[in-house]
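A short write-up of the structure that comes next.
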Amino acid sequence: MIDKEPKWELPDIAMEKISQQLIWERPMPPHFARMLAMRGIRSMKNVEAFVSPSLDGLRDPFLMRDMGKAVKRLKRALKSGERIIVLGDYDVDGVCGTALFMRVMSNFGVKVGYHVPDRFKEGYGVSKEGIDHAVDFGASLIVSVDSGITAIDETEYARSMGIDTIITDHHEPQSSLPQALAVLDPKREDCDYPFRELAGVGVMFKLLQALYIDLDMDITELYEDLDLVALGTAADVVPLVDENRVLTRFGIERMKNTANTGLVALMEVSGATQGRANSSNIVFSLAPRLNAPGRLSSASKTVDLLTSENWMKALKIAEEIEEENAIRRQMNDRVYTEAEAMLKDDNSYMLDSGIVLASEDWHQGVIGIAASRLVEKYYLPTVLISLEQGNGKGSARSIKEFDIIDAMSRCEDILDNYGGHKYAVGLSIQGNRIDEFRQRFIDIIHRTLPDGIPPPSYTIDSELELSFINDRLIDFLKTLAPFGEGNPTPLLLTRNLRPVNNARIVGKNHLKFKVTDGTRVFNSIAYNMGEYLERVRIGAPPMDILYNVEENHWMGRTSIQLVIKAIK
């Protein structure tokens, strides 16, 4: 829960006019029209494209700069039987892109290996160690995924070793590009690809899509691995619009009947229900587990899981990952608790504008998660730094009004290294420069937002009565999915409700209760809102609530549940 009181913002007059236009074109309930309008839909033509996306609508991959060069080199490697190494990253996006390339290349009969960097020894991105691994493997071609756009020295090192490099990445380039054989990144200034927000696994998919097209192969074979594309895309919190929406939508459908042995094993061990896979399952259940090895030990374990064809091996890896994830959660809770204590004990951390904290007791593999939790609570740009022998490894997370990668670029002379995007950055820094960095960072926030950090807000899709919450609404919501960044789960408002029973605490500070308008009754769950326990009592004043609507599956029964986001 955010400490600052968020504003509740209903659709404005412009949105209402668009809603009325949609209703004029095709009669529908007003709250349906408002949800569509809030997603940028302005006509029924847009509605059809949004609710019924098609893989046939995927963009031509050859519109991406250097794609022709990349495909030509990849075809040469296939024809001559060269060995190829894919250099990935240790997050879910990176390991999914790595696994995708390996699975497809293996189907071609190519001798393909991989290397994901050790977070603690190598850090983020293409490394000299990875290139040395390619040399040892006998590779003549390196393909990067989810990294490499800043690997200028490393690409030159690979060239000196007689290895060509194809870079596939989606992060912001710096002033110079690596001199690779091909650099695929829709964020290149000289790239005219019409959609810039692909995840790393999405860029890798476009390379493979182009290869299939060039070879005139059956593209549906490639679609068999769309579950990996959906996993990496949803987990990386890129906007689920345009191609990301199409890839994730069809990838989730594939996941429900996946042939990926490792993915099936992970879902079984984690308790996820394969047939009910959705973007929420990915972000809150599967992604943290797939991330755990890269945070605590080695992301190679995750790649091995997602490329395994052996059920017993996959199940063993999945069980190990489940154990690591439990440890990761405990470590994250400790970092978050200690960071909160530091903020309360020392006012010098400038809580009015931003947070920069460092500790020698924090594991660098979990500080990013803790930083996200602090942003969620305090709504301030946040940097957490893990110190070891004077060297700092940091994770930065931000709010929608503040571009944190731009802020890091203005601290470039203080940092040893950095990389990321608008909302999330990884960095390295010498411990004796943290105070200087903190002051610079806070100054940048003040200059960027001279009127201070704006209060957070809830953007409400529609106000409606409980009588409109029914199976028809559930079916409509399914057409709007998958939900995520750029296409949030519709947020609804209902006023003057009363609890049917006194709320009770379940799990870790969650509230569970029933709510009614006097006619309809719905089960409700309010995650991490235990402080409202006394507010949700029989006899208390009526409540206004913001909530999402979802299906709850329990003991073989399906019911509609309200997921409470705010209470007044």
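Each chain of the structure tokens is named A, B, ... in the order shown, its residues numbered from 1; ligands are numbered from 1 in display order.
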Might you pull out every residue within 7 Å of segment 166-174 of chain A, with only C-alpha atoms counted and same-chain residues fewer than 4 positions away left off, and present them as JSON, numbers by chain? {"A": [70, 142, 143, 144, 145, 146, 147, 148, 149, 150, 180, 181, 182, 183, 184, 185, 186, 187, 188, 198, 199, 200, 203, 204, 420, 421]}
Please identify all polymer residues within 9 Å of segment 291-307 of chain A, counting only C-alpha atoms, omitting same-chain residues fewer than 3 positions from it, and present them as a PyMOL selection string. chain A and resi 89-92+95-96+98-100+102-103+114-120+228+260-263+265-266+286-288+313-315+317-318+320-322+324-328+363-366
Counting only C-alpha atoms, the residue among A:Ile564, A:Asp153, A:Leu74, A:Phe195 that lies closest to Asn528 of chain A is A:Ile564
Show which residues sit within 9 Å of Gly68 of chain A, as a PDB file with all heavy atoms, in the first residue's frame. Count only C-alpha atoms, and ignore same-chain residues fewer than 4 positions away.
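This is the output file out.pdb:
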ATOM      1  N   PHE A  62      11.664  -7.919 -41.330  1.00  0.00           N
ATOM      2  CA  PHE A  62      12.729  -7.308 -42.129  1.00  0.00           C
ATOM      3  C   PHE A  62      12.662  -5.785 -42.114  1.00  0.00           C
ATOM      4  O   PHE A  62      13.529  -5.120 -42.680  1.00  0.00           O
ATOM      5  CB  PHE A  62      12.685  -7.844 -43.562  1.00  0.00           C
ATOM      6  CG  PHE A  62      13.143  -9.274 -43.664  1.00  0.00           C
ATOM      7  CD1 PHE A  62      12.223 -10.303 -43.679  1.00  0.00           C
ATOM      8  CD2 PHE A  62      14.495  -9.587 -43.698  1.00  0.00           C
ATOM      9  CE1 PHE A  62      12.625 -11.631 -43.744  1.00  0.00           C
ATOM     10  CE2 PHE A  62      14.913 -10.909 -43.759  1.00  0.00           C
ATOM     11  CZ  PHE A  62      13.988 -11.936 -43.785  1.00  0.00           C
ATOM     12  N   MET A  64      13.113  -4.302 -39.401  1.00  0.00           N
ATOM     13  CA  MET A  64      14.089  -3.978 -38.362  1.00  0.00           C
ATOM     14  C   MET A  64      15.476  -3.865 -38.986  1.00  0.00           C
ATOM     15  O   MET A  64      15.903  -4.728 -39.743  1.00  0.00           O
ATOM     16  CB  MET A  64      14.081  -5.048 -37.264  1.00  0.00           C
ATOM     17  CG  MET A  64      14.820  -4.633 -36.003  1.00  0.00           C
ATOM     18  SD  MET A  64      14.662  -5.868 -34.671  1.00  0.00           S
ATOM     19  CE  MET A  64      12.903  -5.814 -34.345  1.00  0.00           C
ATOM     20  N   LYS A  72      21.079 -13.551 -43.168  1.00  0.00           N
ATOM     21  CA  LYS A  72      22.068 -14.066 -44.121  1.00  0.00           C
ATOM     22  C   LYS A  72      23.195 -14.793 -43.386  1.00  0.00           C
ATOM     23  O   LYS A  72      23.620 -15.888 -43.792  1.00  0.00           O
ATOM     24  CB  LYS A  72      22.630 -12.910 -44.943  1.00  0.00           C
ATOM     25  CG  LYS A  72      23.624 -13.341 -46.020  1.00  0.00           C
ATOM     26  CD  LYS A  72      24.099 -12.130 -46.825  1.00  0.00           C
ATOM     27  CE  LYS A  72      25.110 -12.554 -47.903  1.00  0.00           C
ATOM     28  NZ  LYS A  72      25.582 -11.369 -48.688  1.00  0.00           N
ATOM     29  N   ARG A  73      23.675 -14.202 -42.286  1.00  0.00           N
ATOM     30  CA  ARG A  73      24.782 -14.841 -41.536  1.00  0.00           C
ATOM     31  C   ARG A  73      24.298 -16.111 -40.842  1.00  0.00           C
ATOM     32  O   ARG A  73      25.025 -17.115 -40.773  1.00  0.00           O
ATOM     33  CB  ARG A  73      25.335 -13.852 -40.497  1.00  0.00           C
ATOM     34  CG  ARG A  73      26.509 -14.418 -39.676  1.00  0.00           C
ATOM     35  CD  ARG A  73      27.708 -14.699 -40.561  1.00  0.00           C
ATOM     36  NE  ARG A  73      28.812 -15.312 -39.822  1.00  0.00           N
ATOM     37  CZ  ARG A  73      28.963 -16.620 -39.654  1.00  0.00           C
ATOM     38  NH1 ARG A  73      28.041 -17.459 -40.136  1.00  0.00           N
ATOM     39  NH2 ARG A  73      30.003 -17.089 -38.997  1.00  0.00           N
ATOM     40  N   ALA A 182      25.658  -7.597 -37.065  1.00  0.00           N
ATOM     41  CA  ALA A 182      24.298  -7.068 -37.108  1.00  0.00           C
ATOM     42  C   ALA A 182      23.886  -6.679 -35.701  1.00  0.00           C
ATOM     43  O   ALA A 182      24.208  -7.385 -34.744  1.00  0.00           O
ATOM     44  CB  ALA A 182      23.320  -8.095 -37.687  1.00  0.00           C
ATOM     45  N   ALA A 210      12.023 -14.038 -39.035  1.00  0.00           N
ATOM     46  CA  ALA A 210      12.635 -13.658 -40.314  1.00  0.00           C
ATOM     47  C   ALA A 210      13.337 -14.846 -40.957  1.00  0.00           C
ATOM     48  O   ALA A 210      13.275 -15.035 -42.184  1.00  0.00           O
ATOM     49  CB  ALA A 210      13.618 -12.505 -40.093  1.00  0.00           C
TER      50      ALA A 210
END
What are the closest atom pairs, with distances in Å to one decimal, for each residue of segment 182-299 of chain A lying within 12 Å of segment 530-551 of chain A, using only C-alpha atoms, rows by chain and rising residue number, as JSON lines?
{"residue": "A:Arg276", "atom": "CA", "partner": "A:Glu551", "partner_atom": "CA", "distance": 10.4}
{"residue": "A:Asn278", "atom": "CA", "partner": "A:Glu550", "partner_atom": "CA", "distance": 11.7}
{"residue": "A:Ser280", "atom": "CA", "partner": "A:Glu550", "partner_atom": "CA", "distance": 11.0}
Can you spit out the residues from that selection as a CSV table (one decimal), in the first residue's frame, using C-alpha atoms?
chain,number,residue,atom,x,y,z
A,276,ARG,CA,-5.8,-21.4,-16.4
A,278,ASN,CA,-2.7,-15.9,-17.7
A,280,SER,CA,-1.0,-12.6,-13.7
Spatial neighbours of Gly81 of chain A, max dist 9 Å, only C-alpha atoms, sep filter under 4 positions, as a ChimeraX atom specification: /A:76-77,109-111
How about saving the chosen residues, all heavy atoms kept, as a compact mmCIF listing (two decimals), in the first residue's frame?
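Result file is again.txt:
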# COMPACT_ATOMS: atom_id res chain seq x y z
N ARG A 76 24.06 -18.92 -43.33
CA ARG A 76 25.38 -19.44 -43.66
C ARG A 76 25.87 -20.41 -42.60
O ARG A 76 26.44 -21.46 -42.90
CB ARG A 76 26.37 -18.29 -43.82
CG ARG A 76 27.67 -18.69 -44.50
CD ARG A 76 28.54 -17.47 -44.71
NE ARG A 76 29.49 -17.32 -43.60
CZ ARG A 76 30.05 -16.18 -43.25
NH1 ARG A 76 29.71 -15.06 -43.86
NH2 ARG A 76 30.91 -16.13 -42.26
N ALA A 77 25.59 -20.06 -41.34
CA ALA A 77 25.99 -20.94 -40.24
C ALA A 77 25.23 -22.27 -40.31
O ALA A 77 25.81 -23.33 -40.07
CB ALA A 77 25.74 -20.25 -38.91
N GLY A 109 19.06 -28.94 -36.16
CA GLY A 109 20.21 -29.84 -36.10
C GLY A 109 21.53 -29.13 -35.88
O GLY A 109 22.61 -29.70 -36.12
N VAL A 110 21.47 -27.88 -35.43
CA VAL A 110 22.69 -27.08 -35.22
C VAL A 110 23.32 -27.44 -33.87
O VAL A 110 22.63 -27.71 -32.89
CB VAL A 110 22.34 -25.58 -35.24
CG1 VAL A 110 23.55 -24.72 -34.90
CG2 VAL A 110 21.79 -25.20 -36.59
N LYS A 111 24.65 -27.42 -33.83
CA LYS A 111 25.35 -27.57 -32.57
C LYS A 111 25.37 -26.21 -31.88
O LYS A 111 26.10 -25.31 -32.29
CB LYS A 111 26.78 -28.09 -32.80
CG LYS A 111 26.83 -29.51 -33.33
CD LYS A 111 28.26 -29.98 -33.53
CE LYS A 111 28.29 -31.42 -34.04
NZ LYS A 111 29.68 -31.89 -34.29
List as a list in words the protein and nucleic acid residues near Glu463 of chain A, meaning an atom at most 8 Å away when only C-alpha atoms are counted, but skip any in the same chain fewer than 4 places from it. Leu10, His31, Leu492, Leu493 and Thr494 of chain A
Atoms to include: N, CA and C atoms. Write the selected residues as a short mmCIF file (atom, residue, chain, number, x, y, z; two decimals), in the first residue's frame.
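Contents of out.cif, as written:
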data_model
loop_
_atom_site.label_atom_id
_atom_site.label_comp_id
_atom_site.auth_asym_id
_atom_site.auth_seq_id
_atom_site.Cartn_x
_atom_site.Cartn_y
_atom_site.Cartn_z
N LEU A 10 -11.69 9.40 -12.17
CA LEU A 10 -12.69 8.82 -13.06
C LEU A 10 -12.45 9.29 -14.50
N HIS A 31 -20.27 0.66 -19.29
CA HIS A 31 -18.99 0.37 -18.65
C HIS A 31 -18.08 -0.42 -19.59
N LEU A 492 -12.47 -0.73 -11.19
CA LEU A 492 -13.87 -0.34 -11.09
C LEU A 492 -14.15 0.30 -9.73
N LEU A 493 -15.18 1.15 -9.71
CA LEU A 493 -15.58 1.85 -8.49
C LEU A 493 -17.05 1.56 -8.20
N THR A 494 -17.32 1.17 -6.96
CA THR A 494 -18.70 1.07 -6.49
C THR A 494 -18.78 1.78 -5.14
#
Closest of A:Pro61, A:Pro11, A:Gly556, A:Pro6 to Asp461 of chain A - atom-to-atom distances counting only C-alpha atoms: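 Residue with the minimum atom-to-atom distance to Asp461 of chain A: A:Pro11.
Interatomic distance, atom CA of Lys316 of chain A to atom CA of Lys256 of chain A: 21.7 Å.
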DSSP alpha helix (DSSP H) selection over segment 228-442 of chain A, as number ranges by chain: A: 228-235, 242-255, 261-270, 279-281, 287-296, 300-307, 311-345, 367-378, 404-409, 434-442
Write down as a ChimeraX atom specification the residues belonging to segment 146-350 of chain A that are assigned strand (DSSP E or B) by DSSP computed on the backbone. /A:164-168,182-184
Report the distance between atom CA of Ile460 of chain A and atom CA of Leu380 of chain A in Å, rounded to one decimal place.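 These atoms are spaced 22.0 Å apart.
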Hey, what's within 12 Å of Ser140 of chain A if we count only C-alpha atoms and toss same-chain stuff fewer than 4 positions away? As an NGL selection string, please? :A and (73-74 or 76-78 or 80-86 or 111-113 or 131-136 or 158-166)
Atomic separation - atom CA of Arg254 of chain A relative to atom CA of Asp227 of chain A, Å: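 The value is 5.5 Å.
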A:Thr248, A:Asn46, A:Gln21, A:Asn391 ranked by distance to Ala481 of chain A, top pick (using only C-alpha atoms): A:Thr248
